[in-house]
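*Asks:* Sharing a structure with you now.
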Amino acid sequence: MRPSRPALTLRAIGIALLVAWSLGPVLVGVMTSLETQKEAQQVPARWVPSDPNTEYYAALLGGEQTSGRSSDAASDASEFPRAFVNTVLLTVASTVVVLLIAVLAGYGFSRLRFTGSRPLFWLVLATMIIPVFTLVVALYRLLAEFDLIDSFLGLVLVFVATTSPLAIWLFYNYTRELPPEPEESALIDGCTRFQAFRKVVLPQMTSGIAALTAIVMLAVWGQFLIPLLLSSSVETKPVTVVITEFIGKYTTNYPLLTAAGILAMIPPAIVALVLNRHIRGMLSAGG
Amino acid sequence: MTEHRKPGTWGRVRGRLGFGLSGAASENAWLGRWLVLPALVFTGVLVVYPIIVGLSTSVHEATPTLGTPSPFVGLENYREVLQQPSVGDSTVQTIFYVLTALVLEIGLGLAIAVLLHRTFRGRGIVLAILILPWALPSVVSGVLWRRIFDPDTGLLNSVLVQTGIIDQPHVWLADQGWATLFITLVHVWGVLPLVTLVFIAGLQAIPDEVYSASAVDGASPWRQFRHITFPLLRPSLLVALVVGTVNSINIFDEIYVLNGTALNTRSILMEVYTTTFANGEFAEGIALAFMVALATALLAAFYGLVLRRRTV
């Protein structure tokens, strides 16, 4: 059945609206970040900067003390570079650990049978229903006892605890959909099960591993509530927490705030765009 | 969730080989245990154990210092926290967030999925743009939308005043109804891509023949959607409902960025946050957190029951 002309027009309008809805706020943010604070405070508002300038990007990346330039203290960019590095380190460390856990467990639970494998699998999955915040409140005292509040290790452990059940579930589903024939023939050819996993199954999994890496990275990169509770010093604070500190009590320096937001979204946006095909495949298979 | 049981890989290999069973089978079991060990250790130490300790904390009297034994008080902390008026208010507020989010996500998600599930030129790019808001940190979404909703210098007020729809700038987030709608909108901006992907996958699983057969029978597109598409989409609907509910019950970041911990927009998690960390009522906070967890689990089970019964 060929779509009719009005149907095509309707679809074009729908797609245009969808693109505007998805990109509009980002575009507004980019425009604002290139304005001066004076310009951003104009009424009626300016949508496009009259004289685009990157002073706030420079201030953020250089860690300048910008508080002198505006009326309140909520615009000190000096912590930003360190926070960005913290976010990168936290994301990389957590992703590596979650990936290791999820790939091994996803394969183990879906392809290997052993005593107790079903109950243990459902135990791991059941933890998914526990809201992240419930878990963090429960973990808080234990972390305090081991002196892990405001430490990298503490944060990574909490990120791993909160993201790995979902990661295991996604990878379990992914592995079940993989064709089993290559592994079977490797076994017939005399490989041990572990050799077959390492030499045949793992190379088969590249798309799934790419997708899982992206999904876990995005999840950890955007974490806000957990570090809001667990990190208080410059040494561990991630970029999401530092951004919220730019929101002033009375007035907000929007060019600075949006510039920080745009910088913080560049890495996740690149990951999402580059790996979007893999990500979509894994997310829509997880049902 | 579809649990279709395939015969185990090993079962098939064993059938073909026909010898050396016990050695290889025990090798498999041994490898299996080692592979899932890291997951079990992390889940046990970082999820199961803290939850048990937390449950125990919630039924004992709150103590100011760690490690000192305190008397068992049963559900006293649960009763106490439920008596705070702000808990009731934030529960109602959270129900509004959840309902608004679900209506928007299911409605828009279905519409966008219908729009995008068939191939057309440029579909790949549109899908890449679609998932972008989901990939962004929710704090960043909040920041971008705050620029639009800001009462003094925001773009929304500016447009509305210039076009004469309103006389003077409106403080949207001070108004209960608008605040709920706008905060949910920012939340939906980030979750909608995920819900849409679930529906696209669901639509693609419906074979085209079903449609052509009903077109021959003279069914209108709307009747096709109502009587064919919608019933066949029930499994996707279940996933979308669970994803939408779990995400919106946990709403926090968007509210924090747009309106701080202000009472009029406070969600139940914010209430847990202020009870536990700002007011230092640890046992009460954790009791409330467990009730939220229980409510989430019950809702998910409820969706499962309703939708499953209707399918059979």
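Labeling convention for the structure tokens: chains A, B, ... as they appear, residues from 1 per chain, ligands from 1 in order of appearance.
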Dump as a ChimeraX atom specification the residues of chain A that approach chain B to within 6 Å, counting only C-alpha atoms.
*Replies:* /A:25,29,41,44-45,101,104-105,108,112,114,130-131,134,138-139,161,222,261,265,273,276,284,287
*Asks:* Can those selected residues be exported to a file as a PDB file, in the first residue's frame so that it contains C-alpha atoms?
*Replies:*
ATOM      1  CA  PRO A  25      16.157  23.289  23.780  1.00  0.00           C
ATOM      2  CA  GLY A  29      21.191  26.581  25.144  1.00  0.00           C
ATOM      3  CA  GLN A  41      18.922  39.509  30.870  1.00  0.00           C
ATOM      4  CA  PRO A  44      12.107  41.042  25.685  1.00  0.00           C
ATOM      5  CA  ALA A  45      14.608  38.220  25.448  1.00  0.00           C
ATOM      6  CA  ILE A 101      30.324  -7.997  35.406  1.00  0.00           C
ATOM      7  CA  LEU A 104      30.382 -12.438  31.985  1.00  0.00           C
ATOM      8  CA  ALA A 105      27.107 -12.795  33.890  1.00  0.00           C
ATOM      9  CA  GLY A 108      26.916 -17.238  32.017  1.00  0.00           C
ATOM     10  CA  LEU A 112      25.391 -22.156  30.887  1.00  0.00           C
ATOM     11  CA  PHE A 114      24.410 -25.010  36.735  1.00  0.00           C
ATOM     12  CA  ILE A 130      14.611  -1.371  44.002  1.00  0.00           C
ATOM     13  CA  PRO A 131      14.632   2.367  43.279  1.00  0.00           C
ATOM     14  CA  THR A 134      16.267   3.499  48.294  1.00  0.00           C
ATOM     15  CA  ALA A 138      20.572   2.081  52.575  1.00  0.00           C
ATOM     16  CA  LEU A 139      24.215   2.185  51.415  1.00  0.00           C
ATOM     17  CA  ALA A 161      25.574  -1.318  42.346  1.00  0.00           C
ATOM     18  CA  GLY A 222      24.488  11.905  34.051  1.00  0.00           C
ATOM     19  CA  GLY A 261      25.537  22.489  30.303  1.00  0.00           C
ATOM     20  CA  MET A 265      26.553  17.268  27.097  1.00  0.00           C
ATOM     21  CA  LEU A 273      25.152   9.843  17.913  1.00  0.00           C
ATOM     22  CA  ASN A 276      22.978   5.217  18.119  1.00  0.00           C
ATOM     23  CA  SER A 284      14.369  -2.133  21.845  1.00  0.00           C
ATOM     24  CA  GLY A 287      11.418  -6.239  26.272  1.00  0.00           C
TER      25      GLY A 287
END
*Asks:* From the options A:Trp21, A:Trp221, A:Phe194, A:Trp169, which residue's atoms come nearest to Val103 in chain A, counting only C-alpha atoms?
*Replies:* A:Trp169
*Asks:* Enumerate the residues of range 42-281 of chain A with a DSSP assignment of alpha helix (DSSP H), computed from the backbone, and present them as a PyMOL selection string.
*Replies:* chain A and resi 55-62+80-111+117-126+132-145+152-177+181-188+193-196+202-204+206-221+225-230+239-244+254-274+276-281
*Asks:* In Å to one decimal, how far is CA of Leu104 in chain B from CA of Arg5 in chain A?
*Replies:*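 Separation of CA of Arg5 in chain A and CA of Leu104 in chain B: 28.3 Å.
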*Asks:* Here is a test: counting only C-alpha atoms, which residue of A:Thr213, A:Asn86, A:Gln37, A:Ser4 is nearest to Val271 in chain A?
*Replies:*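 With only C-alpha atoms as the atom set, the closest residue is A:Thr213.
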*Asks:* What's around Arg82 in chain A at 9 Å? Count only C-alpha atoms, leave out sequence neighbours fewer than 3 positions away in its own chain, and write the answer as a list in words.
*Replies:*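 Once the nearby chain positions are removed, what remains is Gly63, Ser78, Glu79, Val85, Asn86, Thr87, Val234, Glu235, Thr236, Lys237, Pro238 and Val239 of chain A.
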*Asks:* Hey, which of A:Leu212, A:Ile270, A:Leu17, A:Ala40 ends up closest to Leu108 in chain B? Count only C-alpha atoms.
*Replies:* A:Leu17
*Asks:* In Å, with one decimal, what is the gap from CA of Leu120 in chain A to CA of Leu166 in chain A?
*Replies:*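 Separating CA of Leu120 in chain A from CA of Leu166 in chain A is a distance of 15.0 Å.
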